[in-house]
Amino acid sequence: MILSLNIVLLVFLVVAAVISLGVKDLLSGSMVLGIYGFLICLLWAEMGAVDVAFTEAAVGAGVSTVLFVATILNTKRRSTD
Amino acid sequence: MAEFLWKTIGHHFNFWVYIVLLMLGLWATIAKNNLVKKLMGLSIFQSAIILLYVSIGTKEGATIPILDHHGHIPSESHHADVGPEIAAHGVANPLPHVLMLTAIVVGVATLGVALSLVQAIYRDFGTVEEDELLREIKSLHPDG
(Lines give C-alpha, C1' and ligand atoms only; values in the text may rest on other atoms or scores of the structure.)
Protein backbone atom coordinates (compact mmCIF):
# COMPACT_ATOMS: atom_id res chain seq x y z
CA MET A 1 0.00 0.00 0.00
CA ILE A 2 1.39 3.38 -1.08
CA LEU A 3 -0.25 6.12 0.96
CA SER A 4 0.24 9.10 -1.41
CA LEU A 5 -0.99 7.18 -4.49
CA ASN A 6 -3.86 5.89 -2.35
CA ILE A 7 -5.02 9.41 -1.47
CA VAL A 8 -4.70 10.69 -5.07
CA LEU A 9 -6.71 7.73 -6.42
CA LEU A 10 -9.43 8.16 -3.78
CA VAL A 11 -9.82 11.88 -4.58
CA PHE A 12 -10.16 11.09 -8.30
CA LEU A 13 -12.66 8.36 -7.38
CA VAL A 14 -14.98 10.79 -5.57
CA VAL A 15 -14.69 13.29 -8.45
CA ALA A 16 -15.61 10.59 -11.00
CA ALA A 17 -18.58 9.46 -8.89
CA VAL A 18 -19.92 13.01 -8.54
CA ILE A 19 -19.53 13.70 -12.28
CA SER A 20 -21.21 10.43 -13.34
CA LEU A 21 -24.18 11.12 -11.05
CA GLY A 22 -24.43 14.80 -11.93
CA VAL A 23 -24.22 14.84 -15.73
CA LYS A 24 -27.55 14.87 -17.60
CA ASP A 25 -26.34 12.97 -20.68
CA LEU A 26 -26.63 9.32 -19.69
CA LEU A 27 -24.05 8.12 -22.23
CA SER A 28 -21.39 10.46 -20.80
CA GLY A 29 -22.49 9.37 -17.33
CA SER A 30 -21.90 5.71 -18.09
CA MET A 31 -18.53 6.53 -19.70
CA VAL A 32 -17.45 8.37 -16.54
CA LEU A 33 -18.72 5.38 -14.56
CA GLY A 34 -16.33 3.25 -16.64
CA ILE A 35 -13.51 5.62 -15.66
CA TYR A 36 -14.67 5.19 -12.05
CA GLY A 37 -14.43 1.42 -12.44
CA PHE A 38 -10.92 1.66 -13.87
CA LEU A 39 -9.81 3.99 -11.05
CA ILE A 40 -11.17 1.62 -8.41
CA CYS A 41 -9.38 -1.25 -10.20
CA LEU A 42 -6.10 0.70 -9.88
CA LEU A 43 -6.95 1.22 -6.21
CA TRP A 44 -7.39 -2.53 -5.61
CA ALA A 45 -4.06 -3.27 -7.30
CA GLU A 46 -2.37 -0.60 -5.17
CA MET A 47 -3.87 -2.02 -1.97
CA GLY A 48 -2.54 -5.51 -2.74
CA ALA A 49 -5.84 -7.07 -3.87
CA VAL A 50 -4.72 -8.13 -7.35
CA ASP A 51 -7.45 -10.77 -7.77
CA VAL A 52 -10.14 -8.19 -7.03
CA ALA A 53 -8.38 -5.81 -9.44
CA PHE A 54 -8.54 -8.36 -12.29
CA THR A 55 -12.23 -9.00 -11.67
CA GLU A 56 -13.05 -5.32 -11.37
CA ALA A 57 -11.22 -4.49 -14.62
CA ALA A 58 -13.08 -7.21 -16.53
CA VAL A 59 -16.48 -6.85 -14.88
CA GLY A 60 -16.74 -3.38 -13.36
CA ALA A 61 -15.08 -1.33 -16.10
CA GLY A 62 -15.94 -3.66 -19.01
CA VAL A 63 -19.21 -5.56 -18.73
CA SER A 64 -21.22 -3.05 -16.70
CA THR A 65 -20.31 -0.22 -19.12
CA VAL A 66 -21.47 -2.40 -22.02
CA LEU A 67 -24.73 -3.14 -20.17
CA PHE A 68 -25.33 0.56 -19.47
CA VAL A 69 -24.62 1.57 -23.08
CA ALA A 70 -26.91 -1.18 -24.42
CA THR A 71 -29.72 -0.01 -22.11
CA ILE A 72 -29.24 3.63 -23.11
CA LEU A 73 -29.34 2.69 -26.81
CA ASN A 74 -32.65 0.89 -26.22
CA THR A 75 -34.15 3.69 -24.11
CA LYS A 76 -33.66 7.48 -23.92
CA ARG A 77 -30.25 9.15 -23.78
CA ARG A 78 -31.30 12.32 -21.96
CA SER A 79 -32.09 12.38 -18.27
CA THR A 80 -34.09 15.09 -16.51
CA ASP A 81 -31.77 15.21 -13.49
CA MET B 1 -3.61 21.21 13.87
CA ALA B 2 -2.20 19.96 10.58
CA GLU B 3 -0.66 16.99 12.36
CA PHE B 4 -3.99 16.24 14.05
CA LEU B 5 -5.83 16.38 10.71
CA TRP B 6 -3.22 14.12 9.09
CA LYS B 7 -3.53 11.60 11.93
CA THR B 8 -7.34 11.53 11.90
CA ILE B 9 -8.01 11.83 8.15
CA GLY B 10 -4.83 10.93 6.27
CA HIS B 11 -4.28 7.49 7.75
CA HIS B 12 -7.98 6.57 7.63
CA PHE B 13 -8.66 8.22 4.28
CA ASN B 14 -10.07 4.99 2.79
CA PHE B 15 -12.82 4.93 5.39
CA TRP B 16 -13.71 8.62 4.92
CA VAL B 17 -13.97 8.11 1.17
CA TYR B 18 -15.98 4.94 1.84
CA ILE B 19 -18.54 6.99 3.78
CA VAL B 20 -18.67 9.70 1.08
CA LEU B 21 -19.18 7.17 -1.74
CA LEU B 22 -21.77 5.23 0.29
CA MET B 23 -23.81 8.39 0.92
CA LEU B 24 -23.47 9.48 -2.74
CA GLY B 25 -24.76 6.11 -3.94
CA LEU B 26 -27.58 6.01 -1.39
CA TRP B 27 -28.65 9.56 -2.30
CA ALA B 28 -28.67 8.76 -6.02
CA THR B 29 -30.60 5.51 -5.46
CA ILE B 30 -33.30 7.31 -3.45
CA ALA B 31 -33.49 10.82 -4.88
CA LYS B 32 -32.63 10.56 -8.59
CA ASN B 33 -35.57 10.59 -10.99
CA ASN B 34 -34.12 8.59 -13.87
CA LEU B 35 -34.02 4.82 -13.40
CA VAL B 36 -30.62 4.43 -15.13
CA LYS B 37 -29.21 7.11 -12.80
CA LYS B 38 -30.58 5.16 -9.84
CA LEU B 39 -28.71 2.08 -11.04
CA MET B 40 -25.49 4.10 -11.40
CA GLY B 41 -25.95 5.10 -7.76
CA LEU B 42 -26.53 1.47 -6.81
CA SER B 43 -23.29 0.50 -8.57
CA ILE B 44 -21.33 3.18 -6.67
CA PHE B 45 -22.97 2.09 -3.39
CA GLN B 46 -21.86 -1.49 -3.98
CA SER B 47 -18.27 -0.59 -4.81
CA ALA B 48 -18.11 1.59 -1.68
CA ILE B 49 -18.94 -1.43 0.48
CA ILE B 50 -16.26 -3.44 -1.36
CA LEU B 51 -13.84 -0.57 -0.64
CA LEU B 52 -14.58 -0.90 3.10
CA TYR B 53 -13.86 -4.63 3.14
CA VAL B 54 -10.67 -4.45 1.06
CA SER B 55 -9.44 -1.53 3.22
CA ILE B 56 -9.85 -3.70 6.34
CA GLY B 57 -7.50 -6.31 4.85
CA THR B 58 -4.74 -3.94 3.77
CA LYS B 59 -1.69 -2.93 5.82
CA GLU B 60 0.80 -0.13 5.40
CA GLY B 61 3.97 -1.41 3.70
CA ALA B 62 2.37 -4.77 2.90
CA THR B 63 2.80 -6.57 -0.44
CA ILE B 64 0.48 -8.80 -2.44
CA PRO B 65 -0.49 -12.19 -0.86
CA ILE B 66 1.33 -14.41 -3.39
CA LEU B 67 4.29 -16.75 -2.74
CA ASP B 68 7.06 -17.55 -5.24
CA HIS B 69 8.25 -21.07 -6.14
CA HIS B 70 10.32 -21.43 -2.96
CA GLY B 71 7.48 -20.47 -0.64
CA HIS B 72 8.83 -16.96 -0.04
CA ILE B 73 7.14 -13.62 -0.45
CA PRO B 74 8.49 -12.08 -3.67
CA SER B 75 9.76 -8.75 -2.34
CA GLU B 76 13.06 -7.09 -1.70
CA SER B 77 12.25 -6.45 1.96
CA HIS B 78 13.98 -7.97 5.00
CA HIS B 79 11.52 -10.82 5.52
CA ALA B 80 12.18 -12.38 2.12
CA ASP B 81 14.23 -15.22 3.64
CA VAL B 82 11.80 -16.23 6.39
CA GLY B 83 9.04 -18.76 5.96
CA PRO B 84 5.51 -17.80 5.02
CA GLU B 85 4.16 -18.74 8.44
CA ILE B 86 5.91 -15.87 10.27
CA ALA B 87 5.80 -13.23 7.53
CA ALA B 88 2.07 -12.45 7.79
CA HIS B 89 2.75 -8.83 8.81
CA GLY B 90 4.28 -8.20 5.39
CA VAL B 91 1.36 -9.31 3.20
CA ALA B 92 -2.19 -8.02 2.83
CA ASN B 93 -4.94 -10.18 4.33
CA PRO B 94 -6.45 -12.13 1.38
CA LEU B 95 -9.66 -13.22 3.16
CA PRO B 96 -11.66 -9.98 2.50
CA HIS B 97 -10.42 -10.04 -1.12
CA VAL B 98 -11.91 -13.48 -1.73
CA LEU B 99 -15.20 -12.51 -0.09
CA MET B 100 -15.44 -9.36 -2.21
CA LEU B 101 -14.65 -11.30 -5.40
CA THR B 102 -18.05 -12.99 -5.11
CA ALA B 103 -19.68 -9.67 -4.24
CA ILE B 104 -18.43 -8.08 -7.49
CA VAL B 105 -19.80 -10.92 -9.63
CA VAL B 106 -23.16 -10.91 -7.81
CA GLY B 107 -23.27 -7.12 -8.21
CA VAL B 108 -22.83 -7.25 -11.98
CA ALA B 109 -25.49 -9.97 -12.24
CA THR B 110 -28.02 -7.85 -10.32
CA LEU B 111 -27.06 -4.85 -12.46
CA GLY B 112 -27.81 -6.84 -15.63
CA VAL B 113 -31.21 -7.95 -14.30
CA ALA B 114 -32.06 -4.39 -13.22
CA LEU B 115 -31.09 -2.89 -16.59
CA SER B 116 -33.15 -5.48 -18.46
CA LEU B 117 -36.11 -4.56 -16.20
CA VAL B 118 -35.53 -0.90 -17.14
CA GLN B 119 -35.71 -1.85 -20.83
CA ALA B 120 -38.95 -3.78 -20.22
CA ILE B 121 -40.41 -0.75 -18.40
CA TYR B 122 -39.42 1.48 -21.33
CA ARG B 123 -41.12 -0.90 -23.80
CA ASP B 124 -44.36 -0.85 -21.78
CA PHE B 125 -44.53 2.80 -20.68
CA GLY B 126 -42.29 4.71 -23.11
CA THR B 127 -40.31 6.43 -20.34
CA VAL B 128 -37.72 5.70 -17.65
CA GLU B 129 -38.43 8.80 -15.53
CA GLU B 130 -39.94 7.94 -12.18
CA ASP B 131 -42.46 10.81 -11.93
CA GLU B 132 -43.81 10.15 -15.44
CA LEU B 133 -44.07 6.45 -14.63
CA LEU B 134 -46.05 7.18 -11.45
CA ARG B 135 -48.41 9.48 -13.38
CA GLU B 136 -48.84 6.81 -16.07
CA ILE B 137 -49.64 4.11 -13.51
CA LYS B 138 -52.08 6.44 -11.72
CA SER B 139 -53.90 7.14 -15.00
CA LEU B 140 -54.14 3.39 -15.63
CA HIS B 141 -55.76 2.83 -12.21
CA PRO B 142 -57.69 6.05 -11.48
CA ASP B 143 -59.60 4.59 -8.51
CA GLY B 144 -56.41 3.85 -6.62
# chains A, B, ... in the order shown; residues from 1 in each chain; ligands from 1

$ residues_around --residues "range 21-38 of chain A" --least-positions-apart "2" --cutoff "10 Å" --atoms "only C-alpha atoms" --output "ChimeraX atom specification"
/A:12-19,40-44,53,56-73,76-81 /B:24-25,27-28,32,34,36-38,40-41,43-44,47

$ interface_residues --of "chain B" --to "chain A" --cutoff "6 Å" --atoms "only C-alpha atoms" --output "PyMOL selection string"
chain B and resi 60-61+63-64+101

$ closest_residue --among "B:Leu140, B:Ile30, B:Met100, B:Ala88" --to "Ile56 in chain B" --atoms "only C-alpha atoms"
B:Met100

$ atom_distance --atom1 "CA of Phe45 in chain B" --atom2 "CA of Thr127 in chain B"
24.6 Å

$ select_by_dssp --residues "chain A" --states "alpha helix (DSSP H)" --output "PyMOL selection string"
chain A and resi 3-22+26-46+50-55+64-74
